[in-house]
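Undergrad: PDB, C-alpha atoms, file my_file.pdb:
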```pdb
MODEL        1
ATOM      1  CA  MET X   1      72.861 -32.399 -33.173  1.00  0.00           C
ATOM      2  CA  SER X   2      72.077 -28.867 -34.157  1.00  0.00           C
ATOM      3  CA  ASP X   3      74.906 -26.568 -35.182  1.00  0.00           C
ATOM      4  CA  PHE X   4      74.191 -24.239 -32.287  1.00  0.00           C
ATOM      5  CA  PHE X   5      74.044 -24.985 -28.591  1.00  0.00           C
ATOM      6  CA  LYS X   6      70.485 -25.165 -27.275  1.00  0.00           C
ATOM      7  CA  CYS X   7      70.460 -23.501 -23.881  1.00  0.00           C
ATOM      8  CA  SER X   8      67.392 -24.173 -21.722  1.00  0.00           C
ATOM      9  CA  SER X   9      67.830 -20.871 -19.810  1.00  0.00           C
ATOM     10  CA  CYS X  10      67.886 -22.635 -16.446  1.00  0.00           C
ATOM     11  CA  GLY X  11      70.531 -20.311 -14.975  1.00  0.00           C
ATOM     12  CA  SER X  12      72.618 -23.133 -13.463  1.00  0.00           C
ATOM     13  CA  CYS X  13      75.859 -22.016 -15.107  1.00  0.00           C
ATOM     14  CA  CYS X  14      75.200 -18.374 -14.193  1.00  0.00           C
ATOM     15  CA  LYS X  15      74.914 -19.407 -10.552  1.00  0.00           C
ATOM     16  CA  ARG X  16      78.486 -20.740 -10.637  1.00  0.00           C
ATOM     17  CA  VAL X  17      80.533 -17.992 -12.288  1.00  0.00           C
ATOM     18  CA  SER X  18      82.740 -17.653  -9.227  1.00  0.00           C
ATOM     19  CA  ASN X  19      84.399 -20.849 -10.522  1.00  0.00           C
ATOM     20  CA  ILE X  20      85.583 -18.988 -13.638  1.00  0.00           C
ATOM     21  CA  ILE X  21      89.022 -17.451 -13.335  1.00  0.00           C
ATOM     22  CA  ASP X  22      88.926 -13.767 -14.307  1.00  0.00           C
ATOM     23  CA  PHE X  23      85.142 -13.645 -14.880  1.00  0.00           C
ATOM     24  CA  PRO X  24      84.739 -10.134 -16.323  1.00  0.00           C
ATOM     25  CA  GLU X  25      81.468  -9.199 -14.609  1.00  0.00           C
ATOM     26  CA  PRO X  26      80.550  -8.523 -10.967  1.00  0.00           C
ATOM     27  CA  ILE X  27      79.840 -11.624  -8.890  1.00  0.00           C
ATOM     28  CA  LYS X  28      77.364 -11.845  -5.996  1.00  0.00           C
ATOM     29  CA  LYS X  29      78.429 -13.233  -2.616  1.00  0.00           C
ATOM     30  CA  ASP X  30      76.682 -16.522  -3.439  1.00  0.00           C
ATOM     31  CA  GLY X  31      78.965 -16.983  -6.486  1.00  0.00           C
ATOM     32  CA  SER X  32      76.366 -16.123  -9.113  1.00  0.00           C
ATOM     33  CA  CYS X  33      76.612 -13.472 -11.800  1.00  0.00           C
ATOM     34  CA  SER X  34      75.246 -10.138 -10.678  1.00  0.00           C
ATOM     35  CA  HIS X  35      73.327  -9.910 -13.969  1.00  0.00           C
ATOM     36  CA  LEU X  36      71.313 -13.088 -13.346  1.00  0.00           C
ATOM     37  CA  THR X  37      67.687 -12.046 -12.909  1.00  0.00           C
ATOM     38  CA  ASP X  38      65.129 -13.640 -10.577  1.00  0.00           C
ATOM     39  CA  ASP X  39      63.680 -15.572 -13.524  1.00  0.00           C
ATOM     40  CA  ASN X  40      67.140 -17.039 -14.330  1.00  0.00           C
ATOM     41  CA  LEU X  41      67.712 -14.903 -17.404  1.00  0.00           C
ATOM     42  CA  CYS X  42      70.658 -12.695 -18.250  1.00  0.00           C
ATOM     43  CA  GLY X  43      70.070  -9.025 -17.550  1.00  0.00           C
ATOM     44  CA  ILE X  44      72.741  -8.055 -20.109  1.00  0.00           C
ATOM     45  CA  TYR X  45      72.130 -10.818 -22.658  1.00  0.00           C
ATOM     46  CA  ASN X  46      73.014  -8.772 -25.754  1.00  0.00           C
ATOM     47  CA  GLU X  47      76.135  -7.394 -24.065  1.00  0.00           C
ATOM     48  CA  ARG X  48      77.194 -10.526 -22.130  1.00  0.00           C
ATOM     49  CA  PRO X  49      80.904 -11.415 -22.164  1.00  0.00           C
ATOM     50  CA  LEU X  50      82.433 -13.926 -24.551  1.00  0.00           C
ATOM     51  CA  ILE X  51      82.758 -16.584 -21.830  1.00  0.00           C
ATOM     52  CA  CYS X  52      78.946 -16.596 -21.640  1.00  0.00           C
ATOM     53  CA  ARG X  53      78.472 -17.049 -25.395  1.00  0.00           C
ATOM     54  CA  VAL X  54      78.837 -20.790 -25.959  1.00  0.00           C
ATOM     55  CA  ASP X  55      78.781 -20.653 -29.749  1.00  0.00           C
ATOM     56  CA  LYS X  56      80.933 -17.545 -30.131  1.00  0.00           C
ATOM     57  CA  TYR X  57      83.446 -18.891 -27.593  1.00  0.00           C
ATOM     58  CA  TYR X  58      83.759 -22.006 -29.732  1.00  0.00           C
ATOM     59  CA  ASP X  59      84.294 -19.923 -32.881  1.00  0.00           C
ATOM     60  CA  VAL X  60      87.017 -17.820 -31.278  1.00  0.00           C
ATOM     61  CA  PHE X  61      88.933 -20.396 -29.240  1.00  0.00           C
ATOM     62  CA  LEU X  62      88.052 -23.976 -30.102  1.00  0.00           C
ATOM     63  CA  LYS X  63      87.111 -24.502 -33.734  1.00  0.00           C
ATOM     64  CA  GLU X  64      90.651 -25.653 -34.570  1.00  0.00           C
ATOM     65  CA  LYS X  65      90.706 -28.056 -31.622  1.00  0.00           C
ATOM     66  CA  MET X  66      87.371 -29.900 -31.814  1.00  0.00           C
ATOM     67  CA  SER X  67      84.189 -30.090 -33.833  1.00  0.00           C
ATOM     68  CA  ARG X  68      81.174 -28.002 -32.922  1.00  0.00           C
ATOM     69  CA  SER X  69      79.218 -31.179 -32.161  1.00  0.00           C
ATOM     70  CA  GLU X  70      81.942 -32.271 -29.712  1.00  0.00           C
ATOM     71  CA  TRP X  71      81.821 -28.839 -28.048  1.00  0.00           C
ATOM     72  CA  ASN X  72      78.023 -29.005 -27.827  1.00  0.00           C
ATOM     73  CA  SER X  73      78.257 -32.498 -26.350  1.00  0.00           C
ATOM     74  CA  VAL X  74      80.706 -31.337 -23.659  1.00  0.00           C
ATOM     75  CA  ASN X  75      78.448 -28.401 -22.789  1.00  0.00           C
ATOM     76  CA  THR X  76      75.354 -30.601 -22.708  1.00  0.00           C
ATOM     77  CA  LYS X  77      77.057 -33.014 -20.315  1.00  0.00           C
ATOM     78  CA  TYR X  78      78.149 -30.316 -17.877  1.00  0.00           C
ATOM     79  CA  CYS X  79      74.895 -28.375 -18.107  1.00  0.00           C
ATOM     80  CA  ASN X  80      72.986 -31.494 -17.115  1.00  0.00           C
ATOM     81  CA  ILE X  81      75.383 -32.119 -14.209  1.00  0.00           C
ATOM     82  CA  MET X  82      74.755 -28.587 -12.910  1.00  0.00           C
ATOM     83  CA  MET X  83      70.998 -28.995 -13.380  1.00  0.00           C
ATOM     84  CA  ASP X  84      71.130 -32.236 -11.378  1.00  0.00           C
ATOM     85  CA  GLN X  85      73.001 -30.411  -8.601  1.00  0.00           C
ATOM     86  CA  ASP X  86      70.267 -27.761  -8.624  1.00  0.00           C
ATOM     87  CA  ASN X  87      67.508 -30.423  -8.607  1.00  0.00           C
ATOM     88  CA  LEU X  88      65.914 -28.952 -11.721  1.00  0.00           C
ATOM     89  CA  PRO X  89      63.018 -30.780 -13.385  1.00  0.00           C
ATOM     90  CA  GLU X  90      63.591 -33.187 -16.235  1.00  0.00           C
ATOM     91  CA  ASP X  91      62.029 -30.813 -18.789  1.00  0.00           C
ATOM     92  CA  LYS X  92      64.963 -28.392 -18.301  1.00  0.00           C
ATOM     93  CA  ARG X  93      67.572 -31.047 -19.089  1.00  0.00           C
ATOM     94  CA  LEU X  94      69.319 -30.898 -22.444  1.00  0.00           C
ATOM     95  CA  LYS X  95      69.104 -33.805 -24.875  1.00  0.00           C
ATOM     96  CA  GLU X  96      72.299 -34.986 -26.525  1.00  0.00           C
ATOM     97  CA  ASN X  97      70.886 -35.196 -30.044  1.00  0.00           C
ATOM     98  CA  GLU X  98      68.971 -31.931 -30.244  1.00  0.00           C
TER      99      GLU X  98
ENDMDL
END
```
Represent the supplied structure as structure tokens.

TA:
Amino acid sequence: MSDFFKCSSCGSCCKRVSNIIDFPEPIKKDGSCSHLTDDNLCGIYNERPLICRVDKYYDVFLKEKMSRSEWNSVNTKYCNIMMDQDNLPEDKRLKENE
């Protein structure tokens, strides 16, 4: 697995930020991040909060608790679950060994 998490930019996690306690950005009534654009990209990508930065979040909070490959594996699993819930096509799904 690569050292860095390979996001497919599907927007599934950004549609569920209301599930995050103390999410630091405005949330729409549907539970999605107010910065999620119509094409499922982040409107503030370079300024997005730490919770939205998978690799940086690992570096700050988790590197003493698990390996990066374990963290990537956990994220891959849950990303694919959210994509399944959103009925996204197979080409958006993340592969475990990439």

Undergrad: As number ranges by chain, please: the residues near X:Asp55 (cut-off 9 Å, all atoms listed in the file, same-chain neighbours under 4 positions excluded).

TA: X: 3-5, 59-60, 68, 71-72

Undergrad: When distances are computed from all atoms listed in the file, which of X:Glu96, X:Pro26, X:Gly11, X:Cys52 shows the smallest separation from X:Asp38?

TA: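 Checking each candidate against X:Asp38, we get X:Gly11 as the closest.
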
Undergrad: What's the 8 Å shell around X:Leu94, counting all atoms listed in the file, without same-chain residues fewer than 5 positions away, as a PyMOL selection string?

TA: chain X and resi 6-8+76+79-80

Undergrad: Could you give me the centre and size, in Å to one decimal, of an axis-aligned box around all listed atoms of stretch 37-55 of chain X with 3 Å added on every side, as JSON?

TA:
```
{"center_x": 73.2, "center_y": -14.1, "center_z": -20.2, "size_x": 25.1, "size_y": 19.4, "size_z": 25.2}
```

Undergrad: Could you check the closest approach to X:Arg48 for each of X:Cys33, X:Ile21, X:Leu62, X:Met82 and tell me which residue wins, using only C-alpha atoms?

TA: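 Between X:Cys33, X:Ile21, X:Leu62, X:Met82, the residue approaching X:Arg48 most closely is X:Cys33.
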
Undergrad: To verify the selection step, state as a VMD selection string which residues the PyMOL selection byres ((chain X and resi 41) around 12) yields on this input.

TA: chain X and resid 7 to 15 33 to 40 42 to 46 48

Undergrad: Quick one: distance from atom CA of X:Asp22 to atom CA of X:Leu50 in Å, one decimal?

TA: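 Interatomic distance here is 12.1 Å.
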
Undergrad: Kindly give the distance, in Å, that separates atom CA of X:Asp91 and atom CA of X:Asn75, rounded to a single decimal.

TA: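 Here the two named atoms are 17.1 Å from each other.
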
Undergrad: Suppose you want the space between atom CA of X:Tyr58 and atom CA of X:Ile27; what is it in Å?

TA: 23.6 Å

Undergrad: Between X:Phe61, X:Phe23, X:Lys28, X:Arg93, which has the minimum distance to X:Tyr78 (counting only C-alpha atoms)?

TA: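 The closest residue to X:Tyr78 is X:Arg93.
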